[in-house]
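K.L.:
What follows is structure_10.cif; its format and atoms are mmCIF, C-alpha atoms.
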data_data
#
loop_
_atom_site.label_atom_id
_atom_site.label_comp_id
_atom_site.auth_asym_id
_atom_site.auth_seq_id
_atom_site.Cartn_x
_atom_site.Cartn_y
_atom_site.Cartn_z
CA MET A 1 12.63 -12.14 -41.97
CA ASN A 2 9.31 -12.31 -40.23
CA VAL A 3 6.92 -9.71 -38.94
CA THR A 4 8.68 -9.19 -35.60
CA VAL A 5 11.91 -8.07 -37.24
CA ILE A 6 10.07 -5.55 -39.41
CA VAL A 7 8.15 -4.14 -36.44
CA ASN A 8 11.39 -3.93 -34.44
CA PHE A 9 13.00 -1.99 -37.26
CA LEU A 10 10.03 0.39 -37.49
CA ILE A 11 10.03 1.06 -33.73
CA GLY A 12 13.78 1.69 -33.69
CA PHE A 13 13.56 3.99 -36.71
CA PHE A 14 10.75 6.12 -35.24
CA ILE A 15 12.39 6.44 -31.82
CA LEU A 16 15.85 7.23 -33.15
CA ALA A 17 14.53 9.76 -35.69
CA GLY A 18 12.52 11.48 -32.96
CA ALA A 19 15.49 11.68 -30.59
CA ILE A 20 17.75 13.12 -33.29
CA LEU A 21 15.07 15.68 -34.21
CA CYS A 22 14.89 16.74 -30.53
CA LEU A 23 18.66 17.20 -30.50
CA ILE A 24 18.56 19.28 -33.71
CA ALA A 25 15.78 21.45 -32.24
CA THR A 26 17.94 22.13 -29.18
CA PHE A 27 20.86 23.02 -31.43
CA GLY A 28 18.63 25.52 -33.18
CA VAL A 29 17.41 27.01 -29.90
CA ILE A 30 20.99 27.54 -28.74
CA ARG A 31 22.50 28.81 -31.99
CA LEU A 32 19.85 30.96 -33.69
CA PRO A 33 20.13 34.73 -33.15
CA ASP A 34 16.59 35.90 -32.37
CA VAL A 35 13.49 35.13 -30.31
CA TYR A 36 11.38 34.54 -33.42
CA THR A 37 13.83 32.24 -35.16
CA ARG A 38 14.39 30.32 -31.92
CA ASN A 39 10.65 29.80 -31.60
CA HIS A 40 10.63 28.58 -35.19
CA ALA A 41 13.12 25.86 -34.21
CA ALA A 42 11.54 24.96 -30.89
CA SER A 43 7.90 24.73 -31.87
CA LYS A 44 8.26 22.79 -35.12
CA ALA A 45 11.20 20.42 -34.83
CA ALA A 46 10.69 19.45 -31.20
CA THR A 47 7.00 18.74 -31.80
CA LEU A 48 7.74 16.49 -34.78
CA GLY A 49 10.42 14.65 -32.79
CA VAL A 50 8.22 14.03 -29.78
CA MET A 51 5.30 12.92 -31.97
CA SER A 52 7.60 10.42 -33.67
CA ILE A 53 8.82 9.08 -30.30
CA LEU A 54 5.22 8.70 -29.09
CA LEU A 55 4.31 6.84 -32.32
CA GLY A 56 7.24 4.46 -31.73
CA THR A 57 6.10 3.88 -28.15
CA PHE A 58 2.55 3.19 -29.34
CA LEU A 59 3.83 0.61 -31.85
CA TYR A 60 5.95 -1.03 -29.13
CA PHE A 61 3.07 -1.42 -26.72
CA TYR A 62 0.73 -2.58 -29.50
CA SER A 63 3.06 -5.27 -30.81
CA PHE A 64 4.89 -6.54 -27.71
CA GLU A 65 2.56 -5.98 -24.77
CA GLY A 66 -0.50 -6.43 -26.95
CA HIS A 67 -2.80 -3.67 -25.92
CA PHE A 68 -4.08 -0.75 -27.93
CA ASN A 69 -3.26 2.28 -25.81
CA SER A 70 -5.66 5.07 -26.65
CA ARG A 71 -4.02 7.58 -24.31
CA LEU A 72 -0.90 7.70 -26.49
CA ILE A 73 -3.02 8.49 -29.56
CA LEU A 74 -4.76 11.19 -27.53
CA GLY A 75 -1.34 12.56 -26.46
CA ILE A 76 -0.15 12.69 -30.09
CA VAL A 77 -3.30 14.54 -31.21
CA PHE A 78 -3.14 16.95 -28.27
CA LEU A 79 0.52 17.79 -28.86
CA PHE A 80 -0.15 18.28 -32.57
CA MET A 81 -2.96 20.72 -31.81
CA THR A 82 -1.52 22.75 -28.95
CA SER A 83 2.13 23.27 -29.82
CA PRO A 84 1.60 25.67 -32.78
CA ILE A 85 -0.95 27.63 -30.73
CA SER A 86 1.46 28.19 -27.84
CA GLY A 87 4.28 29.11 -30.23
CA HIS A 88 2.10 31.67 -31.98
CA LEU A 89 0.93 33.19 -28.68
CA ILE A 90 4.46 33.52 -27.33
CA ASN A 91 5.63 35.13 -30.56
CA ARG A 92 2.77 37.63 -30.48
CA ALA A 93 3.46 38.46 -26.84
CA ALA A 94 7.16 38.97 -27.61
CA TYR A 95 6.36 41.30 -30.53
CA ASN A 96 3.83 43.33 -28.56
CA SER A 97 6.10 43.66 -25.54
CA GLY A 98 8.82 45.14 -27.75
CA VAL A 99 11.48 42.48 -28.29
CA LYS A 100 13.70 43.59 -31.17
CA LEU A 101 14.21 41.57 -34.32
CA TRP A 102 17.69 40.47 -35.34
CA ASP A 103 19.59 43.48 -36.72
CA ARG A 104 20.17 41.70 -40.03
CA SER A 105 16.55 40.76 -40.70
CA VAL A 106 15.32 42.50 -43.80
CA ARG A 107 11.56 42.69 -43.56
CA ASP A 108 8.94 43.52 -40.91
CA ASP A 109 5.45 43.51 -42.38
CA LEU A 110 3.59 43.75 -39.08
CA LYS A 111 5.25 47.08 -38.22
CA GLU A 112 4.05 48.73 -41.45
CA TYR A 113 0.58 47.30 -40.96
CA GLN A 114 0.35 48.60 -37.40
CA LYS A 115 1.58 52.04 -38.50
CA LYS A 116 -1.07 52.17 -41.22
CA LEU A 117 -3.73 51.06 -38.74
CA HIS A 118 -2.61 53.77 -36.34
CA GLU A 119 -2.86 56.55 -38.92
CA GLU A 120 -6.45 55.81 -39.91
CA MET B 1 19.19 -4.27 -30.40
CA LEU B 2 16.04 -2.30 -29.59
CA ASP B 3 17.33 -1.88 -26.04
CA ILE B 4 20.48 -0.10 -27.25
CA VAL B 5 18.43 2.12 -29.57
CA ILE B 6 16.18 3.18 -26.69
CA ARG B 7 19.19 3.94 -24.48
CA ILE B 8 20.74 6.09 -27.23
CA ALA B 9 17.42 7.94 -27.65
CA LEU B 10 17.28 8.60 -23.89
CA LEU B 11 20.81 10.01 -24.03
CA CYS B 12 19.86 12.31 -26.93
CA CYS B 13 16.77 13.60 -25.11
CA SER B 14 18.78 14.26 -21.94
CA LEU B 15 21.41 16.20 -23.89
CA ALA B 16 18.60 18.18 -25.53
CA MET B 17 17.17 19.07 -22.11
CA LEU B 18 20.60 20.19 -20.88
CA GLY B 19 20.97 22.53 -23.86
CA LEU B 20 17.50 23.95 -23.28
CA ILE B 21 18.33 24.59 -19.62
CA TYR B 22 21.37 26.56 -20.82
CA ARG B 23 19.00 28.73 -22.85
CA VAL B 24 16.63 29.10 -19.86
CA ILE B 25 19.47 30.44 -17.70
CA LYS B 26 21.18 32.63 -20.28
CA GLY B 27 18.32 33.81 -22.54
CA PRO B 28 18.47 37.60 -23.05
CA ALA B 29 14.73 38.28 -23.00
CA ILE B 30 11.88 36.70 -21.05
CA PRO B 31 10.18 35.14 -24.15
CA ASP B 32 13.41 33.19 -24.81
CA ARG B 33 13.11 31.59 -21.40
CA VAL B 34 9.43 30.80 -21.89
CA ILE B 35 10.12 29.15 -25.26
CA ALA B 36 12.91 27.07 -23.73
CA LEU B 37 10.69 26.03 -20.79
CA ASP B 38 7.94 24.95 -23.20
CA ALA B 39 10.47 22.85 -25.12
CA VAL B 40 11.67 21.31 -21.82
CA GLY B 41 8.07 20.24 -21.12
CA VAL B 42 7.75 18.69 -24.58
CA ASN B 43 11.05 16.84 -24.10
CA LEU B 44 9.86 15.57 -20.73
CA VAL B 45 6.93 13.89 -22.53
CA ALA B 46 9.41 12.04 -24.77
CA ILE B 47 11.55 10.96 -21.80
CA THR B 48 8.45 9.64 -19.99
CA ALA B 49 7.48 7.55 -23.02
CA LEU B 50 11.01 6.11 -23.34
CA ILE B 51 11.20 5.33 -19.60
CA SER B 52 7.89 3.48 -19.79
CA ILE B 53 9.39 1.34 -22.58
CA VAL B 54 12.50 0.63 -20.50
CA LEU B 55 10.46 -0.40 -17.44
CA HIS B 56 7.93 -2.49 -19.52
CA SER B 57 4.99 -0.85 -17.84
CA SER B 58 2.12 1.20 -19.21
CA ALA B 59 1.44 2.94 -15.89
CA PHE B 60 3.23 6.14 -16.87
CA LEU B 61 1.26 6.78 -20.03
CA GLU B 62 -1.38 8.88 -18.29
CA ILE B 63 1.40 11.16 -17.07
CA ILE B 64 2.17 12.01 -20.73
CA LEU B 65 -1.22 13.68 -21.16
CA LEU B 66 -0.87 15.44 -17.82
CA ILE B 67 2.57 16.89 -18.63
CA GLY B 68 1.38 18.00 -22.06
CA ILE B 69 -1.63 19.84 -20.66
CA LEU B 70 0.41 21.48 -17.87
CA ALA B 71 3.10 22.71 -20.30
CA PHE B 72 0.43 24.16 -22.62
CA ILE B 73 -1.41 25.98 -19.81
CA GLY B 74 1.84 27.34 -18.38
CA THR B 75 2.92 28.72 -21.75
CA ILE B 76 -0.49 30.34 -22.34
CA ALA B 77 -0.40 31.97 -18.90
CA PHE B 78 3.12 33.34 -19.51
CA ALA B 79 2.11 34.72 -22.92
CA LYS B 80 -0.94 36.47 -21.49
CA TYR B 81 1.10 37.89 -18.61
CA LEU B 82 3.76 39.25 -20.97
CA GLU B 83 1.20 40.83 -23.26
CA LYS B 84 -1.30 42.33 -20.84
CA GLY B 85 0.33 42.38 -17.41
CA VAL B 86 -2.39 40.25 -15.81
CA ILE B 87 -3.35 36.61 -16.20
CA ILE B 88 -7.01 36.70 -15.21
CA GLU B 89 -8.83 39.78 -16.43
CA ARG B 90 -11.46 41.17 -14.13
CA ASP B 91 -14.67 42.52 -15.59
CA SER B 92 -14.79 46.23 -14.74
CA HIS B 93 -18.43 46.87 -15.66
CA ARG B 94 -20.00 45.56 -12.50
#
Rewrite the structure of this file - the entire thing - as structure tokens.
P.N.:
Amino acid sequence: MNVTVIVNFLIGFFILAGAILCLIATFGVIRLPDVYTRNHAASKAATLGVMSILLGTFLYFYSFEGHFNSRLILGIVFLFMTSPISGHLINRAAYNSGVKLWDRSVRDDLKEYQKKLHEE
Amino acid sequence: MLDIVIRIALLCCSLAMLGLIYRVIKGPAIPDRVIALDAVGVNLVAITALISIVLHSSAFLEIILLIGILAFIGTIAFAKYLEKGVIIERDSHR
């Protein structure tokens, strides 16, 4: 039980967890009933999965090939920053262009707020 | 052992991309398709990282940043087009 075995286990764990998270995110995108819930699945779970896969790749290149790859760290940070922004923008565009909510959703706060803003 | 794990991860990512392409084709509204295309771009980043492990080369790691930036800009442009009807707004005061 030396260091190489532990690093191997860590790399395998990160990569496998990331791949399974990607698969679960796709399952959510296919099965969920609404644009907003689908975006909830796609922009959170897929981002976490891909960040985990990139962390596993960084550990692999750092331990086996022996060089510290700064572009992978930059990719992880960039993905972590930009994915929530794009999800929020797409959701706002969908709401403003009139995509309906699921017919069994119970609450729409933005509609009441916009009505109140319109009356003033 | 690590080799088999990486192959299984590649298989999972490919199945995920197939499911997302189903949503791109079928999606009832346009924002569905844009969300699925954004997720395809994010999955492509993961597949590039895994392929660079399989081929033992670090030459593809710049492509990861490039694909991430292109997917982000494409999603922003689609969102702006859906909301306002134009992508680049022209200043009407001059």
K.L.:
Ranking B:Leu20, B:Ile88, B:Val54, B:Ala77 by minimum distance to chain A and counting all atoms listed in the file, which one comes first?
P.N.:
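Answer, going by the shortest atom-to-atom distance: B:Leu20.
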K.L.:
Find the residues near Ala45 of chain A: any atom within 9 Å, counting all atoms listed in the file, skip ones fewer than 5 places away on the same chain, and give them as an MDAnalysis selection string.
P.N.:
chainID A and resid 21:22 24:26 40 50
K.L.:
Figure out the distance between atom CA of Ile11 of chain A and atom CA of Leu11 of chain B, please, to one decimal in Å.
P.N.:
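Going from atom CA of Leu11 of chain B over to atom CA of Ile11 of chain A, I get 17.0 Å.
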K.L.:
One number please: atom CA of Ala46 of chain B to atom CA of Lys26 of chain B, in Å, one decimal.
P.N.:
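These atoms are spaced 24.1 Å apart.
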K.L.:
Determine, counting all atoms listed in the file, which protein, DNA and RNA residues have an atom within 9 Å of an atom of segment 27-31 of chain B; residues of the same chain fewer than 5 positions away are not included. Present the result as a ChimeraX atom specification.
P.N.:
/A:35,90-91,93-94,99 /B:22,36,78-79,82
K.L.:
Distance cut-off 9 Å, counting all atoms listed in the file - which residues of chain B neighbour chain A? Return them as an NGL selection string.
P.N.:
:B and (1-2 or 5-6 or 8-13 or 15-20 or 22-23 or 29-32 or 34-36 or 38-39 or 42-43 or 45-46 or 49-50 or 52-53 or 56-58 or 61-62 or 64-65 or 68-69 or 72-73 or 75-76 or 78-84)
K.L.:
Please dump the current selection as a PDB file, keeping the file's coordinate frame; keep C-alpha atoms.
P.N.:
ATOM      1  CA  MET B   1      19.190  -4.270 -30.400  1.00  0.00           C
ATOM      2  CA  LEU B   2      16.040  -2.300 -29.590  1.00  0.00           C
ATOM      3  CA  VAL B   5      18.430   2.120 -29.570  1.00  0.00           C
ATOM      4  CA  ILE B   6      16.180   3.180 -26.690  1.00  0.00           C
ATOM      5  CA  ILE B   8      20.740   6.090 -27.230  1.00  0.00           C
ATOM      6  CA  ALA B   9      17.420   7.940 -27.650  1.00  0.00           C
ATOM      7  CA  LEU B  10      17.280   8.600 -23.890  1.00  0.00           C
ATOM      8  CA  LEU B  11      20.810  10.010 -24.030  1.00  0.00           C
ATOM      9  CA  CYS B  12      19.860  12.310 -26.930  1.00  0.00           C
ATOM     10  CA  CYS B  13      16.770  13.600 -25.110  1.00  0.00           C
ATOM     11  CA  LEU B  15      21.410  16.200 -23.890  1.00  0.00           C
ATOM     12  CA  ALA B  16      18.600  18.180 -25.530  1.00  0.00           C
ATOM     13  CA  MET B  17      17.170  19.070 -22.110  1.00  0.00           C
ATOM     14  CA  LEU B  18      20.600  20.190 -20.880  1.00  0.00           C
ATOM     15  CA  GLY B  19      20.970  22.530 -23.860  1.00  0.00           C
ATOM     16  CA  LEU B  20      17.500  23.950 -23.280  1.00  0.00           C
ATOM     17  CA  TYR B  22      21.370  26.560 -20.820  1.00  0.00           C
ATOM     18  CA  ARG B  23      19.000  28.730 -22.850  1.00  0.00           C
ATOM     19  CA  ALA B  29      14.730  38.280 -23.000  1.00  0.00           C
ATOM     20  CA  ILE B  30      11.880  36.700 -21.050  1.00  0.00           C
ATOM     21  CA  PRO B  31      10.180  35.140 -24.150  1.00  0.00           C
ATOM     22  CA  ASP B  32      13.410  33.190 -24.810  1.00  0.00           C
ATOM     23  CA  VAL B  34       9.430  30.800 -21.890  1.00  0.00           C
ATOM     24  CA  ILE B  35      10.120  29.150 -25.260  1.00  0.00           C
ATOM     25  CA  ALA B  36      12.910  27.070 -23.730  1.00  0.00           C
ATOM     26  CA  ASP B  38       7.940  24.950 -23.200  1.00  0.00           C
ATOM     27  CA  ALA B  39      10.470  22.850 -25.120  1.00  0.00           C
ATOM     28  CA  VAL B  42       7.750  18.690 -24.580  1.00  0.00           C
ATOM     29  CA  ASN B  43      11.050  16.840 -24.100  1.00  0.00           C
ATOM     30  CA  VAL B  45       6.930  13.890 -22.530  1.00  0.00           C
ATOM     31  CA  ALA B  46       9.410  12.040 -24.770  1.00  0.00           C
ATOM     32  CA  ALA B  49       7.480   7.550 -23.020  1.00  0.00           C
ATOM     33  CA  LEU B  50      11.010   6.110 -23.340  1.00  0.00           C
ATOM     34  CA  SER B  52       7.890   3.480 -19.790  1.00  0.00           C
ATOM     35  CA  ILE B  53       9.390   1.340 -22.580  1.00  0.00           C
ATOM     36  CA  HIS B  56       7.930  -2.490 -19.520  1.00  0.00           C
ATOM     37  CA  SER B  57       4.990  -0.850 -17.840  1.00  0.00           C
ATOM     38  CA  SER B  58       2.120   1.200 -19.210  1.00  0.00           C
ATOM     39  CA  LEU B  61       1.260   6.780 -20.030  1.00  0.00           C
ATOM     40  CA  GLU B  62      -1.380   8.880 -18.290  1.00  0.00           C
ATOM     41  CA  ILE B  64       2.170  12.010 -20.730  1.00  0.00           C
ATOM     42  CA  LEU B  65      -1.220  13.680 -21.160  1.00  0.00           C
ATOM     43  CA  GLY B  68       1.380  18.000 -22.060  1.00  0.00           C
ATOM     44  CA  ILE B  69      -1.630  19.840 -20.660  1.00  0.00           C
ATOM     45  CA  PHE B  72       0.430  24.160 -22.620  1.00  0.00           C
ATOM     46  CA  ILE B  73      -1.410  25.980 -19.810  1.00  0.00           C
ATOM     47  CA  THR B  75       2.920  28.720 -21.750  1.00  0.00           C
ATOM     48  CA  ILE B  76      -0.490  30.340 -22.340  1.00  0.00           C
ATOM     49  CA  PHE B  78       3.120  33.340 -19.510  1.00  0.00           C
ATOM     50  CA  ALA B  79       2.110  34.720 -22.920  1.00  0.00           C
ATOM     51  CA  LYS B  80      -0.940  36.470 -21.490  1.00  0.00           C
ATOM     52  CA  TYR B  81       1.100  37.890 -18.610  1.00  0.00           C
ATOM     53  CA  LEU B  82       3.760  39.250 -20.970  1.00  0.00           C
ATOM     54  CA  GLU B  83       1.200  40.830 -23.260  1.00  0.00           C
ATOM     55  CA  LYS B  84      -1.300  42.330 -20.840  1.00  0.00           C
TER      56      LYS B  84
END
